[in-house]
Each structure stands twice: as structure tokens, then as C-alpha cells.
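To start, the structure itself, in C-alpha cells.
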Number of protein chains: 2
Amino acid sequence: MIEILDTTLRDGTQGQAVSLSSDDKVAIARRLSAFGVPLVEGGWPGSNPKDAEFFARMRGVDLGRTRLVAFGSTRRKGLRPHDDASVQAMLGAHTPVVTVVAKSWDFHVTEALEVSLEENLRMIEETYAYLVSQGRRVIHDAEHFFDGFKANRGYALATLEAAVRGGSDTLCLCDTNGGSLPEEVAEITRAVVEAFPGVRVGIHPHNDGELAVANALAAVRAGATHVQGTVNGYGERCGNLNLTSTIPNLILKCGLELQGISREKLAELREVSHYVDERANLTPNIRAPYVGDAAFAHKGGIHVSAVLKNPRTYEHVEPEAVGNTRRVLVSDLSGRSNLLAKLAEAGVQVPKETAGALLEEVKQLEHAGYSFEGAEASFYLLAHRLRGGKLPFELMGFSVFMHANDDRPDTPTWAEATVRVKVGESVQHTAGESKFGPVSALDVAFRKAVQAFYPEIGEIELSDYKMRILSGQESGTSSGVRVVIEMHRAGERWTTVGASRNSLEASLKALTDGYAYALVKAQPAPQD
Amino acid sequence: MIEILDTTLRDGTQGQAVSLSSDDKVAIARRLSAFGVPLVEGGWPGSNPKDAEFFARMRGVDLGRTRLVAFGSTRRKGLRPHDDASVQAMLGAHTPVVTVVAKSWDFHVTEALEVSLEENLRMIEETYAYLVSQGRRVIHDAEHFFDGFKANRGYALATLEAAVRGGSDTLCLCDTNGGSLPEEVAEITRAVVEAFPGVRVGIHPHNDGELAVANALAAVRAGATHVQGTVNGYGERCGNLNLTSTIPNLILKCGLELQGISREKLAELREVSHYVDERANLTPNIRAPYVGDAAFAHKGGIHVSAVLKNPRTYEHVEPEAVGNTRRVLVSDLSGRSNLLAKLAEAGVQVPKETAGALLEEVKQLEHAGYSFEGAEASFYLLAHRLRGGKLPFELMGFSVFMHANDDRPDTPTWAEATVRVKVGESVQHTAGESKFGPVSALDVAFRKAVQAFYPEIGEIELSDYKMRILSGQESGTSSGVRVVIEMHRAGERWTTVGASRNSLEASLKALTDGYAYALVKAQPAPQD
């Protein structure tokens, strides 16, 4: 039975561009608990007042069978653990479990910590004995264990002995610099497992050699039963062990049982991954194994025709097992079978003659900067239009005016927009304003024009908006841009794309496609 | 001596969001050749007219010691190779080497290819014998070899025997579905190496289990000497083997020699990786091992102080070995040592009293949506201002007007902007217009206001512009946004950030910071 410790909220937040508010951390802890993760490390209360605040908030939160873990380090040199503020802060988190990082590499003890090798051993044993006396389970995080073992095997093992003497029940071997190879990890883990019978051994890899997942599996094969990592592999430098890949590998590939996370629970994996990205405001990695949008996406013509005959031909596991779905991509590499599969997926029936015209138009639009691979709602509208389907409205023109004055407090920042939209036979000319800028003002004016005819667009909300310059053209703000917009209504989400040399036009194209898609989808499909 | 085959231009382009023009492909082939890659696979001329065009263009290009490779498949059933259009297209590419994909999994032969097991063996042997008779070196890509070996070991080995009888000198074992584990790859590769003494064995992994790099290393340890992958791991689904991680692992970690790519050449690795991303218009992965911006970036307070004492403490290799550099990140997790290191890096000396105020302001701005981790020029300006440095100008206000009419051809799309900028003691009020949208019009007006005083801003160009909604606030276009801008002048690049609930304000903040940074940096630093 393997025990997972998730450290997204602690080591994960050391990652570049990873920043979580206290609200985010509470929400993620709840989500991980619902997924079944047995140990959730929440932060380092001794180093960071935000983390101390998080633990205070968590005292009122029921995490069910999940145990919350506080992180800290061994006492400072020359102090008693009772007198060490950082050790007291760990206790002040009131968690049943603590992870304590300690040095195992002799070079680090003398160079970074600047204490004697003997004092380091005392720091470990005394800190743990005190924490255990206060009712805590102590997980020993052996920093730089693999490098330390290679440099001075005897001393590295002596630090583990000190940890066990102090009362730690889990010796977690950390590949702190992330550069170890799987065969080294296997060999050294096996040596530790043999040297400490009856003690739980763990692994904490980093991904600096793109080998973290392999290192975790190698340690588990060598006898480790405790695995530390983060959702989506967040973490310092190249990241921590990616649990989102490791958990399905352990269950589906290695056939192992995980405490708290059953095979059925795996079907939530993609949702957990995206939930954490959403909370961290990070764009999900489309290529992420198991959970990425592309993980079961097929683009090459022969792959597509084979996978439609039998999914086993090009898929290593069932996408449904991890909550993902099979997707067929449309692009200029596409053959006719991709396109037809994609259309069938979208529920659009297109006569074979039209398929050629559609493929041609996709190629031309992609050349102009569009990308339909992620923007399935725009692709749907394109197919709808080519087969003679009507669109609910047509944008005829727009104007925007915007004003900002730092030195004239009587005329604050505001944007005003007008649009002319043809709905049915009438042309609506409406105005809108917003303090949030021109796209927002256009959105207000546009909704005003259309909502009288289609009140349901009032329920639609924007969930994401991204703009990016297209390279290989003119430089800077004078280049073409691509805008990708995601909208949602009652749990349904869809994505549209707009490209133009003019950024507002690209934005409006994606925006109006988003509304059009929702309205078209709600109508019964026209019959051929 | 390990031989690398790069298939970025063929298998890499099967990846979602990867799209390369014929120009891009020629440029990438040249760059890979300069890096020393011995084999560059350029495309599949039999499946794609764009690829045939690429090979035609390459006939006039000197790649030095690099050999170009065309990809194809075995002849169709019942045809002679001479009469098979796809085999002829491979020959028509006029490359010295060809890679031919063939089935090795019995299930695939009967299910996907729909031929008898015996006919598949004849297809392999006859195709290779014909290609060898035409002077080609034939690399056998054994599709689904690991799955095939597990399903029917005898038949999988029989396909390799057919390849060797036909004259192939390299048996490349493909983990096509990407789901194999390193120990399986090691065991099966070892079996093939032993069964075919004197024949080169290769490995072609995919990353569906996040184990591609480990699988390549496992195969090499088992005797493989030919490795197929792509720059940055581009490829279908979760990607192909990432050569950008594998090459330094083989050289620096495993101590192996690579044909054509010396240890010194490794210093170009980061540049090659970014060059290919740039050509493919993909944002580099900051967390990429070895080459990513974050690969040697330190954020946690204790890591930073230790790494400044001795880099070995938290780095697995020297960043310079792969052309990367050490970076210290500023964020609300930062301690004083990060901040001081960062200031020293930026060449700004700040009295200790000011450091506290700066840290406070960084935290407040990050709370408001700024992120300084990538925007070092904005951070520099912040420090400059807090230590009493002057800024070259001050933006007082702006207005924008924009108009677009699909139905009135006499009034096409245009944007007009005015700005009021204080430069020295005078306030400039200028106007600009642009067909590219409001930010571009503001840029024109702003340059007009400042250029009379600082003509050098005429040399500055924008290289990238990204906008993103900040989550956790109001939804959609009414949320706050963050804009990140990159500028360059004569090879120097710098990045700035702006955040605001108003998208144009955020853009202008990042834009004016970019110009201010260039002007401030050019002046001698004021003395304390």
C-alpha cells in the first residue's frame, strides 16, 4: 500500500509563476482531500506568516480521512527544540503530522548549515524526540540524500539512524537537486530499505533531468512505500515529482494499491489537475501525460483512421480511466478522415462534397493566424456556415472611444463603444460603456444589441481571454494577433478563436463566435 | 558512440499546436546541422506535398556532416516496391538515408493494416532490398515494438529478421503508444541486442507515461546506440522523446560520447531549444529541464542564500554547460537575500533601509496582479525609483478612438490615439493612428511625444506582447488583466509587466516601462 504526500501547497509554491492565495490553498486542500490523498502538506509556518494563517483557517475545516501536514526544519544549533521558534511554529499549526527537513550530505552540513557533523545528528534526534513527545507523527525529509550517500555513505546513513532514534517513522529520501538517475535511486533506496527493516521509506524527487517520475517508480520497485510530489509537477526550477503522472502509472501500469485513491477515483484525475491550474492561474499543459488536452488527441492521418477502428492501436490506456476524452485534431496536416471524425464529434453532418471546401477554408484561415485545434466552437460554426446553416446575427461595424487622465480627477478612466449588428432583418445600433477597457465596452454594447432577440445570452459568462502576438510577421504591436476566448454557461464550456492584424477585431471575432455558438447549438440542427 | 536522429521536422509536427512552414523547416534543419546532429529526418514525402517541396528545396542546401533522412512506410500489399508511389516518393527525396516504418505487432498487422502476417514480412524485406539496391541506408522503425513483443515475441522478432534480410542496418524499437515502463524497455531491448549481434539497435520513445527520457536511457544501458527524438519533445499526444533533456543526460550524467555533438557543443543547447520554439511560434516551457528559464532559478529564501554561497548546493549541473544562467526570483515568498541578490544582478545598489520598502512594494503590486518573476526591467525601474532615481517621462493621460465598418467600405478600420506625457518640465500632447488597433495607435502617439527628447527610442522594437485575464476576480473581460511585453534593441532584450482592471492601461504601463527602462539603463547610475 503506497502512501502519497502532496506538497503542492508547500514545495509547489516555490515554482516560478506559482502563487496561491490563502483562499486558493484552502480550496485545493479540500479538493485533494475529496480525491483521497492521505497526506496534504500545507506550508511552512515557521518561514512565512501566510502559511501560519492558512493553518489557523484549516482548524475549522473537515478534511475527512486526509491528514494535514506542517513542514519545518530541525532546531537551530545550540538551542533546545522547546526554545526554537521554527519548531514551535510547526507545533502551532496543530497538524497530526509534520515533515521535517534535515541535512544528510556532509558537505551541506558544514558548508550551508555551518555546524559540526555531530551537532547535525543531535539536531535531528532531539527535534524529533520533542515533536513525538508532543503527539506528532514525524516524517524525516532527508535533503540531498542521494548526493550525500554518494559522497559519504556512512554519514548519510547515520543521519537516518538519528531520525529513527528520535522517533521518526518515515525516512523520505529527497533528490533535492533533481539530477539523480533511476538506477542510482533504485540502488540507494534498496540499501536504505535493507538497512532499516520495519521503517517506512519514502521518495521525494525533482525533475531537473526529466526523470522524476522514473525515479519515483524506481524507488517504489526498490521498496519505498511513501511518495512525495505535487499536482502538475509544480515546484522550484524544473518542478517536483508530477503526481498527476505518477499516480496513474502506479495504479494502471504497476498494478499497485494507493492508500485512499482507488482505481475508480482516478477518473477525477483530469479534473483535479485542471482545478489546481485554475486556482494557480496557470494555463494547463496541453501535452501533460494522462490529463492534457492533447494526451489522447490524434492528428496524423493514419493514426486517426486506425484509432477510429480500434482505440488500442494508438492509446496506452483508456482516456476515460483518468477522466480524459479522445480528440481528433483539425489542422493543415489533416486528411479527410480527421475532418470527418471531427465533424461527427461536433454532431454536424456534412455531405462529402462540402468536406473538401471546409478543409480548404480551414487551411486558409490557419494561414491567416487562426488555430482551430483548441477552438472547437469556432470550428463548429465554420462547418455550420459552410453547410448552409444560418448565423443568429452579423456584426456590421463598431467604434470605441476611451479616455484616461491621471492629472484630471474629474474625468476618470472609461471606455465607450458602439456596435451595429444585423439580427434577422433589422440592424441594431447600440452603445455601451465600461471601466474595464474597450473589449469590455464592446461586449456591453453587443449584448445590448442581441439580448432583446435572444435573452438567453444573459446567462453566458466569459471565463478566459488570452491574446498573443503571431510571430514571423511585422514586429511588436503592429503584428497580427490571435485571441482565444473561453465562455461558459451552466457547467458547459466552449472555446473560440479570432485572428486579425487589429487586436480589437480579433477580440470581437472570438467574442461574437462565442455567443453565436451558444445560440446555434441551442437550435435543432437543420436537415440536409 | 551514440547516434541521434532528430525527427522534429517529421514526428514533431504531429504535435498539437506545432505548425512549421517550409522556410521554418529549412532554417531548423540548418540549425540542427550546426549543432552537430548526425541525422535529421525532414518529413514524409509520400504523405504530404509540403514535405516533398521541403526535400526539393534542401537539395541546394549544404548540411555539412549531417545527413538528411526521408520517412516512409513499407510497400502496400500486393504491389512491387518499384510500383508503389509512396516508396517512389521516398526515393524522390534524394536523401542518403531513409527511415521506414513497419508493423511488428501481430494485432496491428491484421487489424490496422489488414494483411496476413506473412505478407507483412515480405513487405518489409522486399521494400528494404529495393531501397538498399537504390543506394539508401535503411533505418527500420519497428512500430509498437514493445507492445508487439509482449503480445507475440516470436512474430515481433521475425519482423526484425525480415528487416535485416532486406538490408536494414538499424533496428529502431518504437514505443509508439508511449506507455512502456523503463524496466520493460530495458529487458526487451537487451533481448534484441543479444538476438542481433553486429546490428545497430535504436529506441524511439513517446512520453505518454512521462517516462520517455527514462526509457531512452534504459534502452541505451541495454545496448541501444541509436536514439530518435525531437527538440523540446514536440510530437503527437504527450510528445516524442525530448532530445533537449536526453542529450545532456547522455553526455553529462551517463558520460557517453555522441556522434557529432561534443561536450563543448552542449553550450548551444538552450539557444537551439529556443530557436526551434521561436520558429514554431510556441512559448518556451519555463520549467524545461536544462534549458528552461526556471531550470536554474531559485525562489525559496534558504535555497537562494545557500546557492549564492556555493552553487553545487542546489544545482545538479553548471548552468553554463548547457548555455543557461542562474537566476534569482523575486516574489512574495522572497526573503531579503533574494531581493538583495536580484538587485545586485540588476546592478542597482540599494541601502539596506530601502530594501524593506522595496520588498513591501513588490508584495503590494503582486497582490494587485503584477508578477515580477519574468519582468526584470519593471523590477529594475521600481528599484530605481525607490532609491530616488528619476524617470525620463511621466504619462499624464490618454484617449483612444477606433472605428471599423464591414458595410461601409469608405471608412475602413482604424484607431486613433492621443497621449499627454510630461518630459522634463514640458507636457507633450501628441496624436497617432494605426490600422493595427488601439495599443499600436497609443504606441505611435507616445513615441512622437518622447522621441523629440530621446531620439534613441526610435531604435527600440517590440518583440512580444501577451495579455491574460487574472482569475479569482470578476469574470470575463471585466476582470483585471496582466500584460507582459518584450522589447529589443541591437540584440539586447528586456521584459516589462503592467496590470490593471483596464486592459489598455495595463498595456500602456508595460509599454512605457519598456521605453523608460531602455533610457534609464543608458544613463550613468546616480551616486548614493
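Scheme for the C-alpha cells: letters A, B, ... for chains in order shown; per-chain residue numbers from 1; ligand numbers from 1 in order shown.
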
Filtered DSSP result for region 129-234 of chain B, state strand (DSSP E), as a list in words: Arg137, Val138, Ile139, His140, Asp141, Ala142, Glu143, Thr170, Leu171, Cys172, Leu173, Cys174, Asp175, Arg200, Val201, Gly202, Ile203, His204, Pro205, His226, Val227, Gln228 and Gly229 of chain B

What does the file look like for those residues with C-alpha atoms, as an mmCIF file, in the first residue's frame?
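Just written: part.cif:
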```
data_model
loop_
_atom_site.group_PDB
_atom_site.id
_atom_site.type_symbol
_atom_site.label_atom_id
_atom_site.label_comp_id
_atom_site.auth_asym_id
_atom_site.auth_seq_id
_atom_site.Cartn_x
_atom_site.Cartn_y
_atom_site.Cartn_z
ATOM 1 C CA ARG B 137 20.832 3.340 -45.828
ATOM 2 C CA VAL B 138 17.605 1.947 -44.351
ATOM 3 C CA ILE B 139 16.617 2.532 -40.719
ATOM 4 C CA HIS B 140 13.848 0.140 -39.692
ATOM 5 C CA ASP B 141 11.270 1.858 -37.418
ATOM 6 C CA ALA B 142 9.586 -1.076 -35.690
ATOM 7 C CA GLU B 143 6.207 0.419 -34.808
ATOM 8 C CA THR B 170 19.487 -0.223 -37.824
ATOM 9 C CA LEU B 171 16.602 -1.774 -35.913
ATOM 10 C CA CYS B 172 14.859 1.062 -34.123
ATOM 11 C CA LEU B 173 12.371 -0.121 -31.494
ATOM 12 C CA CYS B 174 9.419 2.262 -31.235
ATOM 13 C CA ASP B 175 7.274 2.662 -28.123
ATOM 14 C CA ARG B 200 22.712 -1.352 -34.583
ATOM 15 C CA VAL B 201 19.681 -1.187 -32.253
ATOM 16 C CA GLY B 202 17.761 2.037 -31.682
ATOM 17 C CA ILE B 203 14.997 3.464 -29.487
ATOM 18 C CA HIS B 204 12.057 5.772 -30.356
ATOM 19 C CA PRO B 205 10.046 6.573 -27.200
ATOM 20 C CA HIS B 226 20.663 4.995 -31.928
ATOM 21 C CA VAL B 227 18.159 7.405 -30.316
ATOM 22 C CA GLN B 228 15.223 9.118 -32.045
ATOM 23 C CA GLY B 229 13.503 12.168 -30.583
#
```

Would you kindly return, as a PyMOL selection string, each protein, DNA or RNA residue with an atom no farther than 9 Å from any atom of region 83-88 of chain A, considering only C-alpha atoms and excluding same-chain residues fewer than 5 positions away? chain A and resi 45-47+72-76+93+127+131

For N, CA and C atoms, I'd like the residues from the last selection saved as an mmCIF file, in the first residue's frame.
```cif
data_model
loop_
_atom_site.group_PDB
_atom_site.id
_atom_site.type_symbol
_atom_site.label_atom_id
_atom_site.label_comp_id
_atom_site.auth_asym_id
_atom_site.auth_seq_id
_atom_site.Cartn_x
_atom_site.Cartn_y
_atom_site.Cartn_z
ATOM 1 N N PRO A 45 4.969 26.984 8.371
ATOM 2 C CA PRO A 45 4.521 28.091 9.223
ATOM 3 C C PRO A 45 5.673 28.872 9.839
ATOM 4 N N GLY A 46 6.838 28.231 9.977
ATOM 5 C CA GLY A 46 7.952 28.935 10.610
ATOM 6 C C GLY A 46 8.627 29.945 9.708
ATOM 7 N N SER A 47 8.350 29.889 8.400
ATOM 8 C CA SER A 47 9.089 30.760 7.484
ATOM 9 C C SER A 47 8.202 31.839 6.895
ATOM 10 N N GLY A 72 8.714 21.917 8.373
ATOM 11 C CA GLY A 72 9.658 22.744 9.122
ATOM 12 C C GLY A 72 11.047 22.140 9.051
ATOM 13 N N SER A 73 11.961 22.706 9.800
ATOM 14 C CA SER A 73 13.322 22.174 9.786
ATOM 15 C C SER A 73 13.742 21.829 11.210
ATOM 16 N N THR A 74 14.847 21.119 11.317
ATOM 17 C CA THR A 74 15.353 20.768 12.646
ATOM 18 C C THR A 74 15.720 22.047 13.408
ATOM 19 N N ARG A 75 15.819 21.916 14.705
ATOM 20 C CA ARG A 75 16.154 23.065 15.560
ATOM 21 C C ARG A 75 17.478 23.685 15.121
ATOM 22 N N ARG A 76 17.650 24.951 15.455
ATOM 23 C CA ARG A 76 18.919 25.601 15.155
ATOM 24 C C ARG A 76 20.012 25.116 16.104
ATOM 25 N N ALA A 93 0.890 24.887 14.235
ATOM 26 C CA ALA A 93 -0.006 24.594 13.109
ATOM 27 C C ALA A 93 -1.064 23.558 13.502
ATOM 28 N N THR A 127 15.162 17.146 17.957
ATOM 29 C CA THR A 127 13.957 17.775 17.407
ATOM 30 C C THR A 127 12.824 16.752 17.287
ATOM 31 N N LEU A 131 9.144 16.544 19.082
ATOM 32 C CA LEU A 131 7.902 16.572 18.301
ATOM 33 C C LEU A 131 7.051 15.335 18.597
#
```

Excluding same-chain residues fewer than 3 positions from Arg270 (chain B), what lies within 6 Å of it counting only C-alpha atoms, as a PyMOL selection string? chain B and resi 273+291+323

Got time to write the residues from that selection, C-alpha atoms, as a PDB file, in the first residue's frame?
```pdb
ATOM      1  CA  SER B 273      15.768  24.883 -27.921  1.00  0.00           C
ATOM      2  CA  VAL B 291      17.119  24.892 -20.950  1.00  0.00           C
ATOM      3  CA  GLY B 323      24.088  27.630 -22.195  1.00  0.00           C
TER       4      GLY B 323
END
```

Distance in Å - CA of Asp513 (chain B) versus CA of Leu381 (chain B):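 Straight-line distance from CA of Asp513 (chain B) to CA of Leu381 (chain B) works out to 7.5 Å.
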
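If only C-alpha atoms are the atoms counted, then among B:Val97, B:Ala490, B:Leu20, B:Val164 the closest residue to chain A is B:Leu20.
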
Can you tell me which residues surround Ser133 (chain B) at a distance of at most 12 Å, considering only C-alpha atoms, apart from same-chain residues fewer than 4 positions away, and format the answer as a ChimeraX atom specification? /B:81-82,91,126-129,137-138,166-168

Among region 337-447 of chain B, which residues does DSSP mark as helix (DSSP H, G or I) when it is run on the backbone? Keep the chain and numbering as in the structure and answer as number ranges by chain. B: 337-345, 352-367, 376-386, 438-447

Generate a file of the selected residues that holds C-alpha atoms, formatted as a JSON list (two decimals), in the first residue's frame.
```
[["chain", "number", "residue", "atom", "x", "y", "z"],
["B", 337, "SER", "CA", 18.59, 37.65, 0.43],
["B", 338, "ASN", "CA", 16.63, 37.06, -2.79],
["B", 339, "LEU", "CA", 15.89, 40.72, -3.09],
["B", 340, "LEU", "CA", 19.46, 41.87, -2.47],
["B", 341, "ALA", "CA", 20.81, 39.24, -4.90],
["B", 342, "LYS", "CA", 18.33, 40.34, -7.52],
["B", 343, "LEU", "CA", 19.27, 43.99, -7.07],
["B", 344, "ALA", "CA", 22.97, 43.16, -7.34],
["B", 345, "GLU", "CA", 22.20, 41.18, -10.53],
["B", 352, "LYS", "CA", 19.58, 48.27, 3.46],
["B", 353, "GLU", "CA", 16.78, 50.59, 4.72],
["B", 354, "THR", "CA", 15.33, 50.84, 1.20],
["B", 355, "ALA", "CA", 15.32, 47.06, 0.68],
["B", 356, "GLY", "CA", 12.49, 46.62, 3.18],
["B", 357, "ALA", "CA", 10.36, 49.28, 1.46],
["B", 358, "LEU", "CA", 11.04, 47.68, -1.92],
["B", 359, "LEU", "CA", 10.03, 44.23, -0.68],
["B", 360, "GLU", "CA", 6.82, 45.75, 0.68],
["B", 361, "GLU", "CA", 6.02, 47.44, -2.64],
["B", 362, "VAL", "CA", 6.75, 44.25, -4.61],
["B", 363, "LYS", "CA", 4.30, 42.37, -2.39],
["B", 364, "GLN", "CA", 1.60, 45.01, -2.83],
["B", 365, "LEU", "CA", 1.99, 45.17, -6.60],
["B", 366, "GLU", "CA", 1.95, 41.37, -6.87],
["B", 367, "HIS", "CA", -1.25, 41.40, -4.87],
["B", 376, "GLU", "CA", 13.03, 42.12, -14.76],
["B", 377, "ALA", "CA", 13.01, 45.51, -16.45],
["B", 378, "SER", "CA", 9.92, 46.58, -14.49],
["B", 379, "PHE", "CA", 11.58, 45.39, -11.29],
["B", 380, "TYR", "CA", 14.69, 47.38, -12.15],
["B", 381, "LEU", "CA", 12.61, 50.55, -12.64],
["B", 382, "LEU", "CA", 10.84, 50.00, -9.35],
["B", 383, "ALA", "CA", 14.16, 49.78, -7.51],
["B", 384, "HIS", "CA", 15.48, 52.76, -9.45],
["B", 385, "ARG", "CA", 12.51, 54.87, -8.42],
["B", 386, "LEU", "CA", 12.57, 53.81, -4.76],
["B", 438, "PRO", "CA", -5.54, 50.86, -30.11],
["B", 439, "VAL", "CA", -2.29, 49.77, -28.45],
["B", 440, "SER", "CA", -0.45, 50.34, -31.69],
["B", 441, "ALA", "CA", -2.01, 53.82, -32.08],
["B", 442, "LEU", "CA", -1.04, 54.66, -28.49],
["B", 443, "ASP", "CA", 2.50, 53.47, -29.21],
["B", 444, "VAL", "CA", 2.73, 55.79, -32.24],
["B", 445, "ALA", "CA", 1.46, 58.80, -30.25],
["B", 446, "PHE", "CA", 3.72, 58.02, -27.31],
["B", 447, "ARG", "CA", 6.85, 57.70, -29.42]]
```

Each residue of region 60-156 of chain B lying at most 12 Å from region 181-199 of chain B should get a row with its shortest atom-to-atom pair and the distance in Å to one decimal, counting only C-alpha atoms; could you produce that, ordered by chain and increasing number, as a Markdown table?
```
| residue | atom | partner | partner_atom | distance |
| --- | --- | --- | --- | --- |
| B:Ile139 | CA | B:Val199 | CA | 11.0 |
| B:His140 | CA | B:Val199 | CA | 11.3 |
| B:Ala142 | CA | B:Val192 | CA | 11.8 |
| B:His144 | CA | B:Val185 | CA | 11.9 |
| B:Phe145 | CA | B:Ile188 | CA | 9.1 |
| B:Phe146 | CA | B:Ile188 | CA | 7.1 |
| B:Asp147 | CA | B:Glu184 | CA | 9.9 |
| B:Gly148 | CA | B:Ile188 | CA | 10.7 |
| B:Phe149 | CA | B:Ile188 | CA | 7.6 |
| B:Lys150 | CA | B:Ile188 | CA | 8.8 |
| B:Arg153 | CA | B:Ile188 | CA | 9.6 |
| B:Gly154 | CA | B:Val192 | CA | 11.6 |
| B:Ala156 | CA | B:Val192 | CA | 10.1 |
```

Dump N, CA and C atoms for the selected residues as a PDB file, in the first residue's frame?
```
ATOM      1  N   ILE B 139      16.884   2.681 -42.157  1.00  0.00           N
ATOM      2  CA  ILE B 139      16.617   2.532 -40.719  1.00  0.00           C
ATOM      3  C   ILE B 139      15.217   1.954 -40.582  1.00  0.00           C
ATOM      4  N   HIS B 140      15.130   0.820 -39.886  1.00  0.00           N
ATOM      5  CA  HIS B 140      13.848   0.140 -39.692  1.00  0.00           C
ATOM      6  C   HIS B 140      13.178   0.692 -38.432  1.00  0.00           C
ATOM      7  N   ALA B 142      10.479   0.033 -36.056  1.00  0.00           N
ATOM      8  CA  ALA B 142       9.586  -1.076 -35.690  1.00  0.00           C
ATOM      9  C   ALA B 142       8.458  -0.531 -34.829  1.00  0.00           C
ATOM     10  N   HIS B 144       5.277   0.057 -32.589  1.00  0.00           N
ATOM     11  CA  HIS B 144       4.672  -0.717 -31.488  1.00  0.00           C
ATOM     12  C   HIS B 144       5.519  -1.914 -31.102  1.00  0.00           C
ATOM     13  N   PHE B 145       6.859  -1.783 -31.141  1.00  0.00           N
ATOM     14  CA  PHE B 145       7.654  -2.993 -30.923  1.00  0.00           C
ATOM     15  C   PHE B 145       7.457  -3.586 -29.531  1.00  0.00           C
ATOM     16  N   PHE B 146       7.389  -2.731 -28.505  1.00  0.00           N
ATOM     17  CA  PHE B 146       7.324  -3.282 -27.142  1.00  0.00           C
ATOM     18  C   PHE B 146       5.988  -3.972 -26.880  1.00  0.00           C
ATOM     19  N   ASP B 147       4.914  -3.346 -27.334  1.00  0.00           N
ATOM     20  CA  ASP B 147       3.599  -3.991 -27.200  1.00  0.00           C
ATOM     21  C   ASP B 147       3.562  -5.274 -28.032  1.00  0.00           C
ATOM     22  N   GLY B 148       4.135  -5.212 -29.236  1.00  0.00           N
ATOM     23  CA  GLY B 148       4.146  -6.376 -30.110  1.00  0.00           C
ATOM     24  C   GLY B 148       4.952  -7.517 -29.508  1.00  0.00           C
ATOM     25  N   PHE B 149       6.082  -7.194 -28.921  1.00  0.00           N
ATOM     26  CA  PHE B 149       6.948  -8.211 -28.311  1.00  0.00           C
ATOM     27  C   PHE B 149       6.232  -8.902 -27.160  1.00  0.00           C
ATOM     28  N   LYS B 150       5.495  -8.081 -26.360  1.00  0.00           N
ATOM     29  CA  LYS B 150       4.779  -8.675 -25.224  1.00  0.00           C
ATOM     30  C   LYS B 150       3.623  -9.553 -25.708  1.00  0.00           C
ATOM     31  N   ARG B 153       6.066 -12.535 -29.085  1.00  0.00           N
ATOM     32  CA  ARG B 153       7.508 -12.336 -29.139  1.00  0.00           C
ATOM     33  C   ARG B 153       8.102 -12.901 -30.433  1.00  0.00           C
ATOM     34  N   GLY B 154       7.652 -14.084 -30.806  1.00  0.00           N
ATOM     35  CA  GLY B 154       8.194 -14.748 -31.989  1.00  0.00           C
ATOM     36  C   GLY B 154       7.955 -13.918 -33.248  1.00  0.00           C
ATOM     37  N   ALA B 156       7.262 -10.654 -33.431  1.00  0.00           N
ATOM     38  CA  ALA B 156       7.969  -9.375 -33.369  1.00  0.00           C
ATOM     39  C   ALA B 156       9.426  -9.558 -33.801  1.00  0.00           C
TER      40      ALA B 156
END
```

Residues within 12 Å of Cys254 (chain B), please, as a ChimeraX atom specification. Count only C-alpha atoms; anything in the same chain fewer than 6 positions from it doesn't count. /A:179-184,209 /B:2,216-218,220-221,246-248

Atom-to-atom span, CA of Ala506 (chain A) and CA of Val276 (chain B), Å: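 Between these atoms lies a distance of 26.5 Å.
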
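Take CA of Val101 (chain A) and CA of Phe71 (chain A): the distance between them is 7.8 Å.
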
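Between Gly369 (chain A) and the candidates B:Pro289, B:Val322, B:Met1, B:Ser19, the tightest atom-to-atom separation, counting only C-alpha atoms, involves B:Ser19.
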
Measuring atom to atom with only C-alpha atoms, identify which of A:Trp494, A:His274, A:His316, A:Phe107 is nearest to Lys521 (chain A). A:Trp494

For chain B, which residue out of A:Arg287, A:Arg30, A:Lys253, A:His94 is the nearest one, using only C-alpha atoms?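 When distances to chain B are compared using only C-alpha atoms, the smallest one comes from A:Arg287.
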
Env of His108 (chain B): 12 Å cut, atoms = only C-alpha atoms, seq-sep filter 2 positions within chain, self excluded. Answer as a PyMOL selection string. (chain A and resi 303+306-307+309-314) or (chain B and resi 102-106+110-117+120+142-145+147-148+151-152+155-156+176)

Output file for the selection above: C-alpha atoms, as a PDB file, in the first residue's frame:
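Saved file selection.pdb follows:
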```
ATOM      1  CA  HIS A 303      -3.232   7.453 -36.609  1.00  0.00           C
ATOM      2  CA  ALA A 306      -6.559   3.454 -37.119  1.00  0.00           C
ATOM      3  CA  VAL A 307      -7.690   4.818 -33.752  1.00  0.00           C
ATOM      4  CA  LYS A 309     -11.167   1.477 -35.990  1.00  0.00           C
ATOM      5  CA  ASN A 310      -9.700   0.421 -32.636  1.00  0.00           C
ATOM      6  CA  PRO A 311      -8.500   2.816 -29.897  1.00  0.00           C
ATOM      7  CA  ARG A 312      -5.925   0.301 -28.573  1.00  0.00           C
ATOM      8  CA  THR A 313      -3.901   0.899 -31.734  1.00  0.00           C
ATOM      9  CA  TYR A 314      -2.568   4.283 -30.594  1.00  0.00           C
TER      10      TYR A 314
ATOM     11  CA  ALA B 102       6.778  -1.206 -40.434  1.00  0.00           C
ATOM     12  CA  LYS B 103       4.411  -3.179 -38.255  1.00  0.00           C
ATOM     13  CA  SER B 104       5.765  -5.514 -35.576  1.00  0.00           C
ATOM     14  CA  TRP B 105       2.607  -6.169 -33.501  1.00  0.00           C
ATOM     15  CA  ASP B 106       0.583  -9.031 -34.951  1.00  0.00           C
ATOM     16  CA  THR B 110      -4.266  -7.898 -39.070  1.00  0.00           C
ATOM     17  CA  GLU B 111      -6.419  -5.091 -37.547  1.00  0.00           C
ATOM     18  CA  ALA B 112      -4.989  -1.841 -38.897  1.00  0.00           C
ATOM     19  CA  LEU B 113      -3.012  -2.939 -41.967  1.00  0.00           C
ATOM     20  CA  GLU B 114      -5.411  -5.783 -42.833  1.00  0.00           C
ATOM     21  CA  VAL B 115      -2.800  -8.085 -44.374  1.00  0.00           C
ATOM     22  CA  SER B 116      -1.583 -11.568 -43.439  1.00  0.00           C
ATOM     23  CA  LEU B 117       1.358 -11.942 -41.053  1.00  0.00           C
ATOM     24  CA  ASN B 120       3.828  -8.108 -43.774  1.00  0.00           C
ATOM     25  CA  ALA B 142       9.586  -1.076 -35.690  1.00  0.00           C
ATOM     26  CA  GLU B 143       6.207   0.419 -34.808  1.00  0.00           C
ATOM     27  CA  HIS B 144       4.672  -0.717 -31.488  1.00  0.00           C
ATOM     28  CA  PHE B 145       7.654  -2.993 -30.923  1.00  0.00           C
ATOM     29  CA  ASP B 147       3.599  -3.991 -27.200  1.00  0.00           C
ATOM     30  CA  GLY B 148       4.146  -6.376 -30.110  1.00  0.00           C
ATOM     31  CA  ALA B 151       1.862  -9.921 -27.355  1.00  0.00           C
ATOM     32  CA  ASN B 152       3.778 -12.224 -29.718  1.00  0.00           C
ATOM     33  CA  TYR B 155       6.441 -12.641 -34.593  1.00  0.00           C
ATOM     34  CA  ALA B 156       7.969  -9.375 -33.369  1.00  0.00           C
ATOM     35  CA  THR B 176       4.560   4.079 -30.342  1.00  0.00           C
TER      36      THR B 176
END
```
